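A.B. asks: Right, I'll just put the structure down here and ask away after.
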Amino acid sequence: MSYKEERNKRTAWMMHDRFGLFIHWGLYAVPAIGEWKQSYERIPTEEYKKYFDEFDPVDYNPAEWAKAAAAAGMKYAVLTAKHHEGFCLFDSAYTDFKSTNTKCKKDLVREYVDAFRSVGLKIGLYYSLFDWHHKDYPHYGDLYHPMRDNESYKDYQYNFDNYLAYMHNQVRELLTNYGKIDLFWFDNSYGKMVGEVWKSTELVIMMRSLQPDIILNNRLEVNASSRGSIGTSNPSVFSGDFVAPEQIVPPQGICDDTGEPLPWEANCTMNNNWGYVTGTAHYKSAKVLIRKLVECVSKGGNLLVNVGPDGRGNIPEKSIKIMKRMAHWMKKYSDSLYGCGRSVFSKPEWGYYTQKGNTVYAHIFDQCIGPIPLQIPTSRIKSIHNMYDYSEVPIVRPWTTQLFPDYTFVNFGNPPQATFELADEIDTVLKIELTN
Ligand code: GLC
């Protein structure tokens with residue numbers, strides 16, 4: 001099998017499932033101003049340890065998280081097993097800086113894996129390549145390390161090979177001790193810290209020997225600002241299986257150098273922050289998130305929406321509320337997303353098309369002032385149903401449409417040239433069956 005065929009085979013379930021939950025959780029939930037605090041405020045390890053001593057998520061109940069995710073139509077999840085701060089949410093044999101040594105004494109990864117797997121979600125783990133806790137990670141002069149400009153670290157001796165052995169050992173633990181891991185999400189290469197600096201070839205060979213089907217993102221090689229060699233005719237062993245744009249839906253989806261679509265997954269925050277923050281008002285609504293998900297699918301990609309559980313171990317109530325609203329929509333319309341991708345018909349002005357074989361889904365966001373134009377030849381249409389209530393949607397040809405003979409027009413009522421309210425204010429979906 002060619003590299004491309006293998007990649008497409010590996011990513012088939014993910015590209016079918018389209019929608020996942022990102023979970024950023026760590027000690028940073030306690031100071032509650034996001035996961036970059038230690039770097040921004042240049043906090044030394046000894047001082048940051050206070051959050052380790054305080055960390056006690058008494059409400060942690062991943063079964064609840066899993067239930068909320070499954071209801072929202074998410075099919076997989078990605079939890080930060082270790083973020084940049086270096087704290088491990090799992091019982092690693094290679095560090096003391098782990099959840100089993102905090103007040104909660106739990107292997108948080110194990111409980112997450114068990115809970116999400118038991119509701120049928122696929123399991124993803126996020127692992128930070130850089131580490132602000134490990135003594136052998138570059139300190140002075142690094143781009144992000146809390147001690148990056150602290151002169152007293154100028155002559156600090158570290159052994160990066162030790163760090164690499166640590167990192168490889170932890171990845172091995174994660175892929176050995178928790179059953180099948182479906183997806184591994186590295187974060188991220190930067191500056192000179194890219195690709196083979198992480199001994200990435202060796203790492204990926206080891207990972208695939210333990211979990212042959214595991215899907216990897218492209219961040220061993222790049223960060224969100226580029227695509228990497230996955231898009232070239234000569235991809236590296238560690239180029240990953242999908243491209244991971246961040247906080248943006250790519251304007252045209254993502255293709256390789258020859259113009260062929262690549263697997264991709266956009267990741268986004270719900271409230272402008274990955275880790276938990278107190279008091280933020282900037283939440284994306286369920287309507288925005290659903291519409292962005294539709295946009296991703298229409299461009300052949302996935303959406304991974306983030307939540308940042310708090311120091312008690314709860315997903316913020318506002319996030320849960322948004323997920324519930326998404327659940328309500330997904331219950332009726334998820335068929336228009338799962339297994340769907342780009343349509344052969346070009347993007348309409350009122351929304352998006354998604355397509356699965358001979359079924360086209362028209363996602364109507366904007367109210368029209370009369371009949372709705374579809375750029376699909378009438379001769380190709382077998383049937384049209386409104387997914388809201390499975391009512392038949394008739395093709396109409398009122399005199400007002402005669403100027404536009406190349407379009408097919410539909411409307412929801414009589415008289416056919418009038419305006420009718422869209423059935424669903426988030427996204428009204430028409431299921432259009434094509435003739436062969
Ligand atoms: C950025 C952030 C990081 C977050 C990631 C998710 O790289 O620095 O904190 O985990 O985005 O894509």
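As shown in the structure tokens, the chain order sets the letters A, B, ...; within each chain, residues go from 1, and ligands are also counted from 1 in the order they appear.
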Could you make a table, as CSV, of the residues of region 115-209 of chain A that have an atom within 9 Å of an atom of region 57-67 of chain A, each with its nearest atom pair and distance in Å to one decimal, counting only C-alpha atoms, in chain and number order?
C.D. replies:
```
residue,atom,partner,partner_atom,distance
A:Ala115,CA,A:Ala63,CA,4.9
A:Phe116,CA,A:Ala66,CA,5.1
A:Arg117,CA,A:Ala66,CA,8.5
A:Ser118,CA,A:Ala63,CA,8.6
A:Val119,CA,A:Ala66,CA,6.8
A:Leu121,CA,A:Ala66,CA,7.9
```
A.B. asks: Tell me which protein, DNA and RNA residues are within 9 Å of region 321-329 of chain A, counting only C-alpha atoms, leaving out same-chain ones fewer than 6 positions away, and put them as number ranges by chain.
C.D. replies: A: 68-73, 270, 283-287, 289-290, 424, 426-427
A.B. asks: Would you please extract all helix (DSSP H, G or I) residues from region 181-427 of chain A, as assigned by DSSP on the backbone, and give them as a ChimeraX atom specification?
C.D. replies: /A:195-198,200-210,229-231,286-298,317-336,378-380,399-401
A.B. asks: Using only C-alpha atoms, which protein or nucleic acid residues come within 12 Å of Glu41 (chain A)? Drop anything in the same chain fewer than 2 positions from it, and give the result as a VMD selection string.
C.D. replies: chain A and resid 31 33 to 39 43 to 45 47 to 48 144 to 150
A.B. asks: Neighbouring residues of ligand 1 are defined here as those with any atom at most 8 Å from a ligand atom, counting only C-alpha atoms and all ligand atoms; list them as a list in words.
C.D. replies: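 Counting only what the definition allows, namely only C-alpha atoms and all ligand atoms, the set is His24, Glu35, Trp36, Thr80, His83, His84, Ser128, Asp187, Asn188, Asn223, Ala224, Ala244, Pro245, Glu246, Gln247, Asn267, Cys268, Trp274 and Gly275 of chain A.
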A.B. asks: Rounded to one decimal, what separation in Å do you get between CA of Ser229 (chain A) and CA of Tyr166 (chain A)?
C.D. replies: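 Between CA of Ser229 (chain A) and CA of Tyr166 (chain A) the gap works out to 26.4 Å.
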A.B. asks: Work out how far CA of Glu295 (chain A) is from CA of Val249 (chain A), in Å to one decimal.
C.D. replies: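 CA of Glu295 (chain A) lies 7.7 Å from CA of Val249 (chain A).
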A.B. asks: Would you pick out the contacts of region 301-304 of chain A at 8 Å or less, using only C-alpha atoms, so that residues sharing its chain but fewer than 3 positions from it are not included, and give the list as a list in words?
C.D. replies: Met15, Asp17, Arg18, Phe19, Gly20, Leu21, Phe22, Gly253, Pro263, Trp264, Glu265, Ala266, Asn267, Cys268, Lys292, Leu293, Cys296, Val297, Ser298 and Gly341 of chain A
A.B. asks: If you run DSSP on the backbone here, which positions in region 210-348 of chain A get strand (DSSP E)? Please write them as a ChimeraX atom specification.
C.D. replies: /A:215-216,265-268,302-307
